[in-house]
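Here is the structure we will look at.
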2 protein chains.
Amino acid sequence: MNKKISIPERTVTRLCLYRRILLMLLPEGRDYVRSQELATLARGSSAQVRRDIMSLGYAGLPSKGYRVHDLLASIGELLDAPEVESVALVGVGNLGHALLSYLVGRRPNLTIRAAFDANPALQGLAIYGCPCYRPEDMETVLANYNIRTAILAVPAGTAQTVAERLVACGIRSILNFAPTRLNLPNDIYVEDMDISASLERAAFYARRTEDDSAAQAQS
Amino acid sequence: MNKKISIPERTVTRLCLYRRILLMLLPEGRDYVRSQELATLARGSSAQVRRDIMSLGYAGLPSKGYRVHDLLASIGELLDAPEVESVALVGVGNLGHALLSYLVGRRPNLTIRAAFDANPALQGLAIYGCPCYRPEDMETVLANYNIRTAILAVPAGTAQTVAERLVACGIRSILNFAPTRLNLPNDIYVEDMDISASLERAAFYARRTEDDSAAQAQS
């Protein structure tokens with residue numbers, strides 16, 4: 001428990017990434033991986049990789065590197081809930097619908113157990129196997145399944161109100177797809193996934209690298 | 001042009017965020033906003049906000065703050081393409097489909113002009129008004145519309161190959177939804193949107209803050 005608390009956010013982010021890379025190496029039948037290779041794939045330094053993995057209390061062999069299976073197990077021990085964990089989705093519009101279809105069954109330890117939408121046509125349906133409830137039932141449903149994490153996929157205009165409601169119902173962590181900034185108590189974890197802002201940024205850099213190339217060609 | 005090149009990535013990210021906040025203030029009929037208020041909404045410092053806005057070459061009034069309309073115009077001048085800019089989407093599965101429905105018409109200056117999918121059933125269709133092409137036509141279509149930015153929504157297993165193909169066809173910037181790390185030349189901008197990794201992280205922090213509360217309750 002204390003180990004979890006003491007690991008900083010950026011390390012957790014990198015450990016999630018290492019896991020994803022290790023899972024990609026598995027089908028190749030690889031037994032060992034070196035910090036240098038992990039660093040290259042994760043676009044970091046090998047010193048960073050070694051520090052991060054040391055914080056898990058796991059050590060590799062100097063001659064061969066890290067055992068892929070053991071490293072995966074160590075990361076899982078830190079990151080995964082001891083049993084299957086339930087998550088809620090709020091807002092089953094186009095994006096929410098897609099998130100359900102994308103996320104259902106993707107990680108065995110994380111299940112989207114409940115969805116909520118104000119649209120009566122959706123209430124009572126099971127969407128990709130996930131039941132959709134009325135917002136009025138939020139408190140009961142979240143408590144029943146002991147849900148502490150929510151995905152917010154409602155329009156920007158209602159996001160703040162819905163987020164406050166979620167926190168009042170015991171949610172501790174929100175993955176926010178609404179294109180707006182949530183104002184919540186500091187002990188609530190919020191990760192913003194603002195897709196259109198990211199696309200804007202990507203388009204900006206596409207122009208910038210063109211400008212660079214043009215400048216280089218001229219010089 | 002040079003101004004664009006010299007502004008660092010984190011500043012661009014924050015300017016995107018300020019714009020989103022300003023657009024939220026508009027319907028309230030607000031004329032002016034102070035750096036302190038922007039900082040609170042963006043969860044930054046007001047010194048940071050002032051520095052960022054200064055880098056646009058825009059100055060507010062010491063007595064009233066920034067004019068919302070003028071600040072929006074200055075940010076748009078930096079971030080937006082001079083004319084409508086075209087973007088491509090590769091992979092029209094569940095997630096790609098949802099991204100189309102979510103992004104079409106969201107920003108007037110950014111249009112998803114072309115989609116690509118290997119599934120013959122989708123080729124030739126217009127999905128939310130966006131035509132879906134065969135991957136074989138990528139080079140021609142991207143060149144025709146002068147597309148430099150792509151959204152990658154293919155499975156992890158094919159993402160690297162498709163990304164290399166995109167770069168070979170002139171793409172300079174990729175918004176990557178595939179749950180894998182792309183290995184591309186350094187001058188290509190890649191932004192990873194790994195939804196399941198973000199959800200894992202959110203669930204991890206939900207447990208962590210519970211552990212904290214439990215620890216506090218015991219002490």
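Chain identifiers are assigned as A, B, and so on, following the order in which chains appear in the structure tokens; residues are numbered from 1 within each chain, and ligands are numbered from 1 in order of appearance.
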(request) Identify, on the basis of only C-alpha atoms, every residue whose closest approach to A:Ile147 does not exceed 12 Å; exclude the query and any residue fewer than 4 positions from it along the same chain; express the result as a PyMOL selection string. (result) (chain A and resi 84-89+110-115+138-143+151+166-167+169-174) or (chain B and resi 203+206-207+210)
Show me a table, sorted first by chain and then by increasing residue number, of the residues of chain A having an atom at most 7 Å from chain B, each with its shortest atom pair and the distance in Å to one decimal, counting only C-alpha atoms and written as a Markdown table.
| residue | atom | partner | partner_atom | distance |
| --- | --- | --- | --- | --- |
| A:Met1 | CA | B:Asp211 | CA | 6.9 |
| A:Lys4 | CA | B:Arg208 | CA | 6.6 |
| A:Ile5 | CA | B:Arg208 | CA | 6.1 |
| A:Cys16 | CA | B:Ala197 | CA | 6.3 |
| A:Arg20 | CA | B:Thr180 | CA | 6.9 |
| A:Leu41 | CA | B:Arg181 | CA | 6.9 |
| A:Leu79 | CA | B:Phe204 | CA | 6.0 |
| A:Asn94 | CA | B:Ala98 | CA | 6.0 |
| A:Leu95 | CA | B:Ala98 | CA | 5.7 |
| A:Ala98 | CA | B:Ala98 | CA | 5.4 |
| A:Ser101 | CA | B:Asn94 | CA | 6.7 |
| A:Tyr102 | CA | B:Leu95 | CA | 6.4 |
| A:Leu103 | CA | B:Ser196 | CA | 6.9 |
| A:Arg148 | CA | B:Ala206 | CA | 5.8 |
| A:Thr149 | CA | B:Ala203 | CA | 5.7 |
| A:Arg172 | CA | B:Ala206 | CA | 4.9 |
| A:Ser173 | CA | B:Ala206 | CA | 5.0 |
| A:Ile174 | CA | B:Ala202 | CA | 6.5 |
| A:Leu175 | CA | B:Ala202 | CA | 6.5 |
| A:Thr180 | CA | B:Arg20 | CA | 6.8 |
| A:Arg181 | CA | B:Leu41 | CA | 6.9 |
| A:Asp187 | CA | B:Thr209 | CA | 7.0 |
| A:Tyr189 | CA | B:Tyr205 | CA | 6.5 |
| A:Ser196 | CA | B:Leu103 | CA | 6.9 |
| A:Ala197 | CA | B:Cys16 | CA | 6.3 |
| A:Leu199 | CA | B:Leu175 | CA | 6.6 |
| A:Ala202 | CA | B:Ser173 | CA | 5.6 |
| A:Ala203 | CA | B:Thr149 | CA | 5.7 |
| A:Phe204 | CA | B:Leu79 | CA | 6.0 |
| A:Tyr205 | CA | B:Ser173 | CA | 6.5 |
| A:Ala206 | CA | B:Arg172 | CA | 4.9 |
| A:Arg208 | CA | B:Ile5 | CA | 6.0 |
| A:Thr209 | CA | B:Arg172 | CA | 7.0 |
| A:Asp211 | CA | B:Met1 | CA | 6.9 |
Could you write out the selected residues, including N, CA and C atoms, as a tab-separated table (two decimals), in the first residue's frame?
chain	number	residue	atom	x	y	z
A	1	MET	N	0.83	-1.20	0.00
A	1	MET	CA	0.00	0.00	0.00
A	1	MET	C	0.87	1.25	0.00
A	4	LYS	N	2.58	1.98	-3.29
A	4	LYS	CA	1.72	2.66	-4.26
A	4	LYS	C	1.72	4.16	-4.04
A	5	ILE	N	1.59	4.55	-2.78
A	5	ILE	CA	1.44	5.97	-2.48
A	5	ILE	C	2.71	6.74	-2.87
A	16	CYS	N	3.17	2.18	-17.09
A	16	CYS	CA	2.07	1.77	-17.98
A	16	CYS	C	2.62	1.57	-19.40
A	20	ARG	N	3.00	-1.89	-21.83
A	20	ARG	CA	2.48	-1.98	-23.19
A	20	ARG	C	3.58	-2.48	-24.16
A	41	LEU	N	12.41	2.09	-27.14
A	41	LEU	CA	11.00	1.95	-27.51
A	41	LEU	C	10.12	2.96	-26.78
A	79	LEU	N	0.29	-1.91	-10.43
A	79	LEU	CA	-0.75	-1.12	-11.10
A	79	LEU	C	-2.15	-1.72	-11.01
A	94	ASN	N	-22.36	9.56	-29.07
A	94	ASN	CA	-21.47	8.95	-30.06
A	94	ASN	C	-20.14	8.51	-29.45
A	95	LEU	N	-19.52	9.42	-28.71
A	95	LEU	CA	-18.21	9.12	-28.16
A	95	LEU	C	-18.30	8.04	-27.09
A	98	ALA	N	-18.73	4.67	-28.54
A	98	ALA	CA	-17.49	4.17	-29.11
A	98	ALA	C	-16.52	3.73	-28.02
A	101	SER	N	-17.53	0.31	-26.86
A	101	SER	CA	-17.20	-0.77	-27.79
A	101	SER	C	-15.70	-1.00	-27.81
A	102	TYR	N	-14.94	0.07	-27.60
A	102	TYR	CA	-13.49	-0.04	-27.64
A	102	TYR	C	-12.94	-0.65	-26.37
A	103	LEU	N	-13.51	-0.29	-25.23
A	103	LEU	CA	-12.89	-0.66	-23.96
A	103	LEU	C	-13.40	-1.99	-23.40
A	148	ARG	N	-15.13	3.55	-8.18
A	148	ARG	CA	-14.40	4.75	-7.75
A	148	ARG	C	-13.83	5.52	-8.94
A	149	THR	N	-13.93	4.93	-10.14
A	149	THR	CA	-13.35	5.54	-11.34
A	149	THR	C	-14.46	5.75	-12.38
A	172	ARG	N	-13.44	8.88	-7.22
A	172	ARG	CA	-12.15	9.44	-6.81
A	172	ARG	C	-11.29	9.83	-8.00
A	173	SER	N	-11.65	9.38	-9.19
A	173	SER	CA	-10.76	9.51	-10.34
A	173	SER	C	-11.61	9.59	-11.60
A	174	ILE	N	-11.31	10.58	-12.47
A	174	ILE	CA	-12.15	10.81	-13.66
A	174	ILE	C	-11.27	10.90	-14.90
A	175	LEU	N	-11.66	10.14	-15.92
A	175	LEU	CA	-11.04	10.27	-17.23
A	175	LEU	C	-11.99	11.16	-18.04
A	180	THR	N	-13.50	20.43	-21.77
A	180	THR	CA	-13.55	21.52	-20.80
A	180	THR	C	-12.72	21.13	-19.60
A	181	ARG	N	-12.31	22.13	-18.82
A	181	ARG	CA	-11.50	21.89	-17.64
A	181	ARG	C	-12.42	21.71	-16.45
A	187	ASP	N	-7.88	16.37	-4.21
A	187	ASP	CA	-7.61	14.94	-4.00
A	187	ASP	C	-8.33	14.07	-5.03
A	189	TYR	N	-8.41	12.72	-8.76
A	189	TYR	CA	-7.52	12.62	-9.92
A	189	TYR	C	-8.33	12.85	-11.19
A	196	SER	N	-10.19	17.06	-29.51
A	196	SER	CA	-10.07	18.10	-30.54
A	196	SER	C	-8.90	19.03	-30.25
A	197	ALA	N	-8.57	19.26	-28.99
A	197	ALA	CA	-7.39	20.07	-28.69
A	197	ALA	C	-6.12	19.36	-29.18
A	199	LEU	N	-5.93	17.29	-31.65
A	199	LEU	CA	-5.89	17.35	-33.10
A	199	LEU	C	-5.43	18.73	-33.58
A	202	ALA	N	-1.73	18.78	-33.20
A	202	ALA	CA	-1.07	17.98	-34.24
A	202	ALA	C	-1.03	18.76	-35.56
A	203	ALA	N	-2.14	19.41	-35.90
A	203	ALA	CA	-2.20	20.16	-37.15
A	203	ALA	C	-1.22	21.34	-37.11
A	204	PHE	N	-1.13	21.97	-35.95
A	204	PHE	CA	-0.18	23.08	-35.79
A	204	PHE	C	1.24	22.60	-36.06
A	205	TYR	N	1.61	21.44	-35.50
A	205	TYR	CA	2.98	20.96	-35.68
A	205	TYR	C	3.24	20.46	-37.10
A	206	ALA	N	2.20	19.98	-37.78
A	206	ALA	CA	2.38	19.61	-39.19
A	206	ALA	C	2.77	20.84	-39.99
A	208	ARG	N	4.19	23.57	-38.71
A	208	ARG	CA	5.48	24.04	-38.22
A	208	ARG	C	6.62	23.29	-38.88
A	209	THR	N	6.51	21.93	-38.94
A	209	THR	CA	7.62	21.18	-39.52
A	209	THR	C	7.75	21.49	-41.01
A	211	ASP	N	7.13	24.50	-42.24
A	211	ASP	CA	7.82	25.79	-42.25
A	211	ASP	C	9.32	25.57	-42.08
(request) Could you pull out the residues in stretch 23-161 of chain A that DSSP calls helix (DSSP H, G or I) from the backbone, as a PyMOL selection string? (result) chain A and resi 23-28+35-42+46-54+68-79+94-103+135-144+156-161
(request) Enumerate as a list in words all residues of stretch 104-147 of chain B assigned to strand (DSSP E or B) by DSSP on the backbone, naming them with the chain letters and numbers the document uses. (result)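 Filtering stretch 104-147 of chain B down to strand (DSSP E or B) leaves Leu110, Thr111, Ile112, Arg113, Ala114, Ala115, Phe116, Ala126, Ile127, Cys130, Pro131, Cys132 and Tyr133 of chain B.
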(request) Could you check how far atom CA of B:Phe177 sits from atom CA of A:Cys130, in Å to one decimal? (result)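 Atom-to-atom, atom CA of B:Phe177 to atom CA of A:Cys130, that is 22.8 Å.
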